[in-house]
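One structure is given below, encoded as structure tokens.
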Amino acid sequence: MLDLDVHLPAIAAGDADAFGRWIAGAEGRVRESLRPYATRVDTEAVLQETLLRVWQVAPRHVADGRPNSLVRLAIRIGRNLCIDDLRRARLAPVEDEDLDETRLETFEPRAPDPLLRKVIAHCHEKLPDKPAEVLRARLASGGAEPDETLAERLGMRINTFLQNFTRARKMLAECLEKHHVDLEAELR
Amino acid sequence: MSGNPGDDRDVLIEALAGAYRARGPLGEVRTHPAFHDLDEAGRAEAFELARRQRVMEAALDPEGLSTTARAVLTRIRGG
């Protein structure tokens with residue numbers, strides 16, 4: 001089993017690159033754990049706040065001897081942030097299977113599939129100009145700038161920017177399908 | 001946003017599925033404004049979109065990082 005705790009000593013020592021490698025393996029599982037809350041809280045915001053808190057507490061985190069202890073901690077932090085948000089908004093609690101801690105033991109991070117990377121890169125290259133441009137802009141900004149800023153830089157209205165992004169996404173999905181890539185299967 | 005309510009909804013979902021989030025006065029990650037403009041079905045759709053989109057982003061990134069990961073690392077590095 002791939003154990004992302006191998007990055008823990010470097011993360012605890014303040015190595016942001018090591019934290020990036022840990023996020024690359026953990027993000028999907030932590031995001032998935034927020035699914036039960038997705039209609040009530042902004043899970044992207046919660047996920048980013050969770051990752052920031054994991055970075056802050058990592059130097060004090062003591063692994064429990066079982067694999068992926070930091071991922072399990074992240075899932076607990078994310079869930080607690082969601083529950084806090086629900087309480088603040090006076091919303092009812094939601095059903096959450098991850099409250100059963102034994103489910104967290106079944107997490108097995110997977111190494112990135114080089115073939116999948118290759119096919120996605122190929123499909124990306126085939127995109128028409130405008131959809132490719134908006135996709136590139138979001139990737140280059142790395143979530144650091146609002147879409148409005150990116151749209152303005154490209155000389156587009158925000159709606160046009162987002163519509164082009166939808167086109168890019170759909171075209172990529174069609175291209176992947178053509179190459180027999182089932183992204184959903186990759187996400188399981 | 002536009003003349004067609006369906007288009008507006010799609011645009012809001014696409015916006016919510018993006019990784020950019022503003023910061024609050026204490027540095028906290030803020031909820032995207034589009035979240036409040038969508039119903040539960042729209043929010044669930046945005047969750048699914050984001051999930052798939054991040055996998056594609058990571059595949060296109062030389063270090064295998066999604067825009068969520070990049071946003072967090074930028075913040076950690078003082079950006």
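Ordering of the structure tokens sets the chain letters (A, B, ...); residue numbers start at 1 within each chain; ligands are numbered from 1 in the order shown.
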Report as a VMD selection string: the residues of region 41-138 of chain A with a DSSP assignment of alpha helix (DSSP H), based on the backbone of this structure.
-> chain A and resid 43 to 57 69 to 88 114 to 125 129 to 138
Contacts of region 5-11 of chain A at 12 Å (only C-alpha atoms; same-chain gap of 6+ positions) as a ChimeraX atom specification | /A:17-26,54-73,109 /B:76
For Asp182 (chain A), list every protein, DNA or RNA residue within 12 Å, evaluated using only C-alpha atoms, and leave out those in the same chain fewer than 3 positions away; present the list as a CSV table (one decimal) with N, CA and C atoms, in the first residue's frame.
chain,number,residue,atom,x,y,z
A,116,LEU,N,-2.7,7.8,-18.7
A,116,LEU,CA,-3.8,8.7,-18.5
A,116,LEU,C,-3.3,10.1,-18.8
A,119,VAL,N,-2.8,10.7,-22.5
A,119,VAL,CA,-4.0,10.8,-23.3
A,119,VAL,C,-4.6,12.2,-23.0
A,120,ILE,N,-4.7,12.6,-21.8
A,120,ILE,CA,-5.2,13.9,-21.4
A,120,ILE,C,-4.4,15.0,-22.1
A,172,LEU,N,-12.8,17.9,-24.0
A,172,LEU,CA,-11.8,17.0,-23.4
A,172,LEU,C,-12.4,15.6,-23.1
A,173,ALA,N,-13.7,15.7,-22.5
A,173,ALA,CA,-14.4,14.5,-22.1
A,173,ALA,C,-14.7,13.6,-23.3
A,174,GLU,N,-15.1,14.3,-24.4
A,174,GLU,CA,-15.4,13.5,-25.7
A,174,GLU,C,-14.1,12.8,-26.2
A,175,CYS,N,-13.0,13.6,-26.2
A,175,CYS,CA,-11.8,13.1,-26.7
A,175,CYS,C,-11.3,11.9,-25.8
A,176,LEU,N,-11.5,12.0,-24.5
A,176,LEU,CA,-11.0,10.9,-23.6
A,176,LEU,C,-11.9,9.7,-23.9
A,177,GLU,N,-13.2,9.9,-24.1
A,177,GLU,CA,-14.1,8.8,-24.4
A,177,GLU,C,-13.6,8.1,-25.7
A,178,LYS,N,-13.3,8.9,-26.7
A,178,LYS,CA,-12.8,8.4,-28.0
A,178,LYS,C,-11.6,7.5,-27.8
A,179,HIS,N,-10.8,7.8,-26.8
A,179,HIS,CA,-9.6,7.1,-26.5
A,179,HIS,C,-9.8,6.0,-25.4
A,185,ALA,N,-13.9,5.9,-13.7
A,185,ALA,CA,-13.2,4.7,-13.2
A,185,ALA,C,-11.9,5.1,-12.6
A,186,GLU,N,-11.2,6.1,-13.1
A,186,GLU,CA,-10.0,6.6,-12.6
A,186,GLU,C,-10.1,7.2,-11.2
A,187,LEU,N,-11.3,7.8,-11.0
A,187,LEU,CA,-11.6,8.5,-9.8
A,187,LEU,C,-12.0,7.6,-8.6
A,188,ARG,N,-12.3,6.3,-9.0
A,188,ARG,CA,-12.8,5.4,-7.9
A,188,ARG,C,-11.7,4.9,-7.0
B,52,ARG,N,-13.7,16.0,-11.3
B,52,ARG,CA,-13.1,15.5,-12.6
B,52,ARG,C,-12.1,16.5,-13.1
Spatial neighbours of Leu162 (chain A), 9 Å, only C-alpha atoms, chain gap at least 3 places, as a count of residues only | 14
With 8 Å as the limit and counting only C-alpha atoms, what residues in chain B lie close to chain A? Please list them as a compact mmCIF listing (two decimals) with C-alpha atoms, in the first residue's frame.
# COMPACT_ATOMS: atom_id res chain seq x y z
CA MET B 1 -25.78 37.14 -16.37
CA SER B 2 -27.23 36.36 -19.81
CA VAL B 11 -22.03 29.63 -15.92
CA GLU B 14 -18.62 26.42 -13.96
CA ALA B 15 -17.61 29.34 -11.72
CA ALA B 17 -16.21 24.38 -9.90
CA GLY B 18 -13.12 26.59 -10.27
CA ALA B 19 -10.42 26.64 -7.59
CA TYR B 20 -10.15 30.38 -6.96
CA ARG B 21 -11.49 31.44 -3.59
CA ALA B 22 -11.20 34.90 -2.09
CA GLU B 28 -9.85 32.41 5.92
CA VAL B 29 -10.92 30.81 2.63
CA ARG B 30 -14.25 32.31 1.61
CA THR B 31 -17.27 30.64 0.05
CA HIS B 32 -17.62 31.41 -3.67
CA PHE B 35 -22.54 28.89 -4.25
CA ASP B 39 -29.77 25.33 -5.78
CA GLU B 40 -28.70 21.99 -4.27
CA ALA B 41 -28.68 20.22 -7.65
CA ARG B 43 -24.03 22.66 -6.15
CA ALA B 44 -23.87 18.88 -6.49
CA PHE B 47 -18.85 19.22 -6.96
CA ARG B 51 -13.70 16.43 -8.95
CA ARG B 52 -13.13 15.49 -12.60
CA GLN B 53 -11.53 18.82 -13.48
CA VAL B 55 -7.82 15.11 -12.09
CA MET B 56 -7.39 16.59 -15.58
CA GLU B 57 -5.50 19.59 -14.21
CA ALA B 58 -3.15 17.36 -12.25
CA ALA B 59 -2.54 15.29 -15.38
CA LEU B 60 -1.59 18.43 -17.32
CA GLY B 64 0.93 16.45 -10.93
CA LEU B 65 -0.75 19.26 -8.99
CA SER B 66 -4.31 20.46 -9.45
CA THR B 67 -5.28 24.13 -9.24
CA THR B 68 -6.58 23.43 -5.71
CA ALA B 69 -3.13 22.19 -4.74
CA ARG B 70 -1.47 25.14 -6.48
CA ALA B 71 -3.78 27.63 -4.71
CA VAL B 72 -2.93 26.16 -1.30
CA LEU B 73 0.81 26.01 -2.00
CA THR B 74 0.82 29.60 -3.25
CA ILE B 76 1.69 28.62 2.10
CA ARG B 77 4.59 30.19 0.24
What is the CA of Lys130 (chain A) to CA of Glu152 (chain A) distance in Å?
->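 We find that CA of Lys130 (chain A) and CA of Glu152 (chain A) lie 13.8 Å from each other.
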Atom pair CA of Ile75 (chain A) / CA of Val94 (chain A): separation (Å) =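 So the answer is 15.5 Å.
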